[in-house]
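Here's the structure, in structure tokens; my notes come after.
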Amino acid sequence: MKKFIIANWKCNPPTEKKAQQLFLSVKRGLKKKKNMEVIICPPFCYLSVINNNLSFLKLGAQNCFFEDKGAYTGEVSCEMLKSLKCKYVIIGHSERRKIFGETNEIINKKIKKALKSGLEPIFCIGETLEEKQQNNTFKILEKEIKKGLEKVSKNEIEKIIIAYEPIWAIGSDNPCDEDQAMTVALFIRKLISRLYNKQIAKKIRILYGGSTNSQNAFNYLRNSEIQGLLVGGASLQAKEFIKMIKTFH
């Protein structure tokens with residue numbers, strides 16, 4: 001199965017020039033691979049800066065709104081993203097949930113709108129340190145998945161990528177153990193099998209995100225249950241990001 005490496009630049013870099021330099025550095029350092037898809041997710045304001053130089057790289061957004069147009073100051077619709085050559089969109093990232101108060105219901109509306117618009121959602125789920133310590137990881141993930149995928153059809157679910165990003169691991173230099181990540185991936189497949197069917201569960205794309213780097217990337221990518229990585233801080237360093245991708249080859 002194809003592997004996916006997704007760069008989430010978050011609110012970085014600080015200028016258009018630096019964004020362009022970062023993108024071109026990554027592009028120059030890579031070659032097209034049949035078994036890997038590299039997706040760059042910059043801030044909204046930089047989408048048009050890099051969308052004419054994509055080549056084999058794919059473009060994604062970090063968020064979207066659940067309406068097509070209207071009086072929604074500050075929001076960006078899926079149709080707008082499509083017009084800027086986006087193929088993917090991150091939905092439900094832990095920072096959107098925690099800092100901006102996005103609920104499972106809001107995330108579900110965004111997922112359905114993205115699918116309807118022809119975008120492929122990168123659906124993020126994950127537990128906090130407190131929830132982990134209370135042994136509630138699976139309970140939290142099940143709730144987020146069930147609520148997030150409510151009324152998503154069998155045909156639509158196959159277009160979704162699920163990214164497990166334990167909140168306690170993000171930016172902490174304390175990544176999730178690869179065995180635990182595999183256990184979570186197996187749990188997700190079992191849950192998808194219950195909600196849909198075994199065939200869909202087998203094909204669903206599951207990624208890991210949380211303090212990934214060139215030292216640990218291969219440990220996750222070699223796992224048959226994990227189809228790739230959602231990369232934060234390391235994706236802002238071109239050499240490190242390229243090294244992460246090349247560790248799999």
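Letters A, B, ... mark the chains of the structure tokens in the order given; residue numbers begin at 1 per chain; ligand numbers begin at 1, in order shown.
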Could you give me, as CSV, a per-residue list for region 6-116 of chain A showing, wherever an atom lies at most 12 Å from an atom of region 208-216 of chain A, the closest pair of atoms and their distance in Å to one decimal, using only C-alpha atoms and sorting by chain then residue number from low to high?
residue,atom,partner,partner_atom,distance
A:Ile6,CA,A:Gly209,CA,9.3
A:Ala7,CA,A:Gly209,CA,10.3
A:Asn8,CA,A:Gly209,CA,10.1
A:His93,CA,A:Gly209,CA,10.3
A:Ser94,CA,A:Gly210,CA,10.8
For the residues in the current selection, export N, CA and C atoms as a PDB file, in the first residue's frame.
ATOM      1  N   ILE A   6       2.897  13.713   5.130  1.00  0.00           N
ATOM      2  CA  ILE A   6       2.187  14.990   5.080  1.00  0.00           C
ATOM      3  C   ILE A   6       2.917  16.029   5.926  1.00  0.00           C
ATOM      4  N   ALA A   7       3.262  17.143   5.307  1.00  0.00           N
ATOM      5  CA  ALA A   7       3.929  18.243   6.003  1.00  0.00           C
ATOM      6  C   ALA A   7       2.891  19.258   6.452  1.00  0.00           C
ATOM      7  N   ASN A   8       2.721  19.396   7.754  1.00  0.00           N
ATOM      8  CA  ASN A   8       1.827  20.406   8.308  1.00  0.00           C
ATOM      9  C   ASN A   8       2.677  21.564   8.811  1.00  0.00           C
ATOM     10  N   HIS A  93      -7.560  18.649  13.590  1.00  0.00           N
ATOM     11  CA  HIS A  93      -6.258  18.634  14.258  1.00  0.00           C
ATOM     12  C   HIS A  93      -6.445  19.029  15.723  1.00  0.00           C
ATOM     13  N   SER A  94      -5.642  18.446  16.596  1.00  0.00           N
ATOM     14  CA  SER A  94      -5.795  18.680  18.040  1.00  0.00           C
ATOM     15  C   SER A  94      -5.718  20.157  18.406  1.00  0.00           C
TER      16      SER A  94
END
Please, which residues in region 101-190 of chain A fall within 12 Å of region 74-77 of chain A when counting only C-alpha atoms, and what is the closest atom pair and distance in Å to one decimal for each, ordered by chain then residue number, as CSV?
residue,atom,partner,partner_atom,distance
A:Lys110,CA,A:Ser77,CA,9.6
A:Lys113,CA,A:Ser77,CA,9.0
A:Ala114,CA,A:Ser77,CA,8.9
A:Lys116,CA,A:Ser77,CA,11.9
A:Ser117,CA,A:Ser77,CA,9.5
A:Leu119,CA,A:Ser77,CA,11.2
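You will find CA of Lys58 (chain A) at 21.7 Å from CA of Pro14 (chain A).
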Enter the distance from CA of Leu236 (chain A) to CA of Pro13 (chain A), in Å, rounded to one decimal.
7.7 Å
Selection: 10 Å around Phe248 (chain A), only C-alpha atoms, excl. self and same-chain fewer than 5 positions, as number ranges by chain:
A: 3, 36, 214, 217-222, 243
Please, which residues of region 5-247 of chain A, numbered as in this document, come out alpha helix (DSSP H) from DSSP, as a ChimeraX atom specification?
/A:16-28,47-50,78-83,94-100,104-117,129-133,137-148,154-157,178-195,198-203,217-221,238-246
Those selected residues, please, written with C-alpha atoms and delivered as a CSV table (one decimal), in the first residue's frame.
chain,number,residue,atom,x,y,z
A,16,GLU,CA,6.0,34.4,1.6
A,17,LYS,CA,9.7,34.3,0.5
A,18,LYS,CA,10.6,31.8,3.2
A,19,ALA,CA,7.6,29.7,2.3
A,20,GLN,CA,8.6,29.5,-1.3
A,21,GLN,CA,12.3,28.8,-0.4
A,22,LEU,CA,11.2,25.9,1.9
A,23,PHE,CA,8.9,24.4,-0.7
A,24,LEU,CA,11.5,24.6,-3.4
A,25,SER,CA,14.2,23.1,-1.2
A,26,VAL,CA,11.9,20.1,-0.4
A,27,LYS,CA,11.0,19.7,-4.1
A,28,ARG,CA,14.6,19.8,-5.3
A,47,LEU,CA,-1.3,28.1,-1.2
A,48,SER,CA,-1.2,30.3,-4.3
A,49,VAL,CA,2.6,30.8,-3.9
A,50,ILE,CA,3.4,27.2,-4.4
A,78,CYS,CA,-13.7,23.8,0.3
A,79,GLU,CA,-14.5,25.2,-3.2
A,80,MET,CA,-11.9,27.9,-2.6
A,81,LEU,CA,-9.3,25.3,-1.7
A,82,LYS,CA,-10.2,23.2,-4.8
A,83,SER,CA,-9.7,26.3,-7.0
A,94,SER,CA,-5.8,18.7,18.0
A,95,GLU,CA,-4.8,22.4,17.9
A,96,ARG,CA,-8.1,23.2,16.2
A,97,ARG,CA,-10.0,21.2,18.8
A,98,LYS,CA,-8.1,22.6,21.9
A,99,ILE,CA,-7.3,26.2,20.9
A,100,PHE,CA,-10.3,27.0,18.7
A,104,ASN,CA,-16.8,16.5,17.0
A,105,GLU,CA,-20.0,17.8,15.5
A,106,ILE,CA,-18.2,20.7,13.7
A,107,ILE,CA,-15.5,18.3,12.5
A,108,ASN,CA,-18.1,16.0,11.1
A,109,LYS,CA,-19.7,18.8,9.2
A,110,LYS,CA,-16.3,19.8,7.8
A,111,ILE,CA,-15.5,16.2,6.7
A,112,LYS,CA,-18.8,15.8,4.9
A,113,LYS,CA,-18.4,19.2,3.1
A,114,ALA,CA,-14.8,18.3,2.1
A,115,LEU,CA,-16.0,15.0,0.7
A,116,LYS,CA,-18.8,16.6,-1.2
A,117,SER,CA,-16.4,19.1,-2.7
A,129,LEU,CA,-1.9,12.8,28.5
A,130,GLU,CA,-4.6,12.8,31.2
A,131,GLU,CA,-6.9,10.6,29.1
A,132,LYS,CA,-4.0,8.2,28.4
A,133,GLN,CA,-3.1,8.0,32.1
A,137,THR,CA,-7.3,6.2,24.9
A,138,PHE,CA,-9.6,3.8,23.0
A,139,LYS,CA,-12.7,5.3,24.5
A,140,ILE,CA,-11.7,8.8,23.3
A,141,LEU,CA,-10.7,7.5,19.9
A,142,GLU,CA,-13.9,5.6,19.4
A,143,LYS,CA,-16.0,8.6,20.3
A,144,GLU,CA,-14.0,10.9,17.9
A,145,ILE,CA,-14.3,8.4,15.1
A,146,LYS,CA,-18.0,7.7,15.5
A,147,LYS,CA,-18.9,11.3,15.8
A,148,GLY,CA,-16.6,12.5,13.1
A,154,LYS,CA,-19.2,3.4,2.6
A,155,ASN,CA,-18.2,5.0,-0.7
A,156,GLU,CA,-17.0,8.2,1.0
A,157,ILE,CA,-15.0,6.6,3.9
A,178,GLU,CA,5.8,2.2,17.5
A,179,ASP,CA,4.2,-0.8,19.1
A,180,GLN,CA,1.5,1.4,20.7
A,181,ALA,CA,1.0,3.1,17.4
A,182,MET,CA,0.4,-0.2,15.8
A,183,THR,CA,-2.0,-1.3,18.5
A,184,VAL,CA,-4.0,1.9,18.0
A,185,ALA,CA,-4.0,1.3,14.2
A,186,LEU,CA,-5.4,-2.2,14.7
A,187,PHE,CA,-8.0,-0.8,17.0
A,188,ILE,CA,-9.0,1.8,14.4
A,189,ARG,CA,-9.3,-0.9,11.7
A,190,LYS,CA,-11.4,-3.1,14.0
A,191,LEU,CA,-13.7,-0.1,14.7
A,192,ILE,CA,-14.0,0.8,11.0
A,193,SER,CA,-14.8,-2.9,10.4
A,194,ARG,CA,-17.7,-2.7,12.8
A,195,LEU,CA,-19.0,0.7,11.5
A,198,LYS,CA,-13.8,-5.7,6.8
A,199,GLN,CA,-12.8,-4.7,3.3
A,200,ILE,CA,-13.0,-1.0,4.0
A,201,ALA,CA,-11.2,-1.5,7.3
A,202,LYS,CA,-8.4,-3.3,5.5
A,203,LYS,CA,-8.0,-0.5,2.9
A,217,ALA,CA,10.4,7.8,10.8
A,218,PHE,CA,11.4,4.3,9.5
A,219,ASN,CA,10.1,2.6,12.7
A,220,TYR,CA,6.6,3.8,11.8
A,221,LEU,CA,6.8,3.5,8.0
A,238,ALA,CA,13.9,20.9,4.4
A,239,LYS,CA,16.9,18.6,5.0
A,240,GLU,CA,15.3,16.9,7.9
A,241,PHE,CA,12.0,16.4,6.1
A,242,ILE,CA,13.8,15.0,3.0
A,243,LYS,CA,15.8,12.7,5.2
A,244,MET,CA,12.6,11.4,6.8
A,245,ILE,CA,11.2,10.5,3.4
A,246,LYS,CA,14.4,8.9,2.2
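CA of Trp9 (chain A) is positioned 17.4 Å from CA of Asp173 (chain A).
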Let's see if you can do this: from backbone DSSP, list all strand (DSSP E) residues in region 181-210 of chain A, as a list in words.
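After running DSSP on the backbone, region 181-210 of chain A has strand (DSSP E) at Arg205, Ile206, Leu207, Tyr208 and Gly209 of chain A.
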Written file, previous selection with C-alpha atoms, as a PDB file, in the first residue's frame:
ATOM      1  CA  ARG A 205      -5.288   4.685   5.345  1.00  0.00           C
ATOM      2  CA  ILE A 206      -3.965   5.281   8.858  1.00  0.00           C
ATOM      3  CA  LEU A 207      -1.105   7.669   9.653  1.00  0.00           C
ATOM      4  CA  TYR A 208       0.831   8.504  12.791  1.00  0.00           C
ATOM      5  CA  GLY A 209       1.701  12.041  13.906  1.00  0.00           C
TER       6      GLY A 209
END
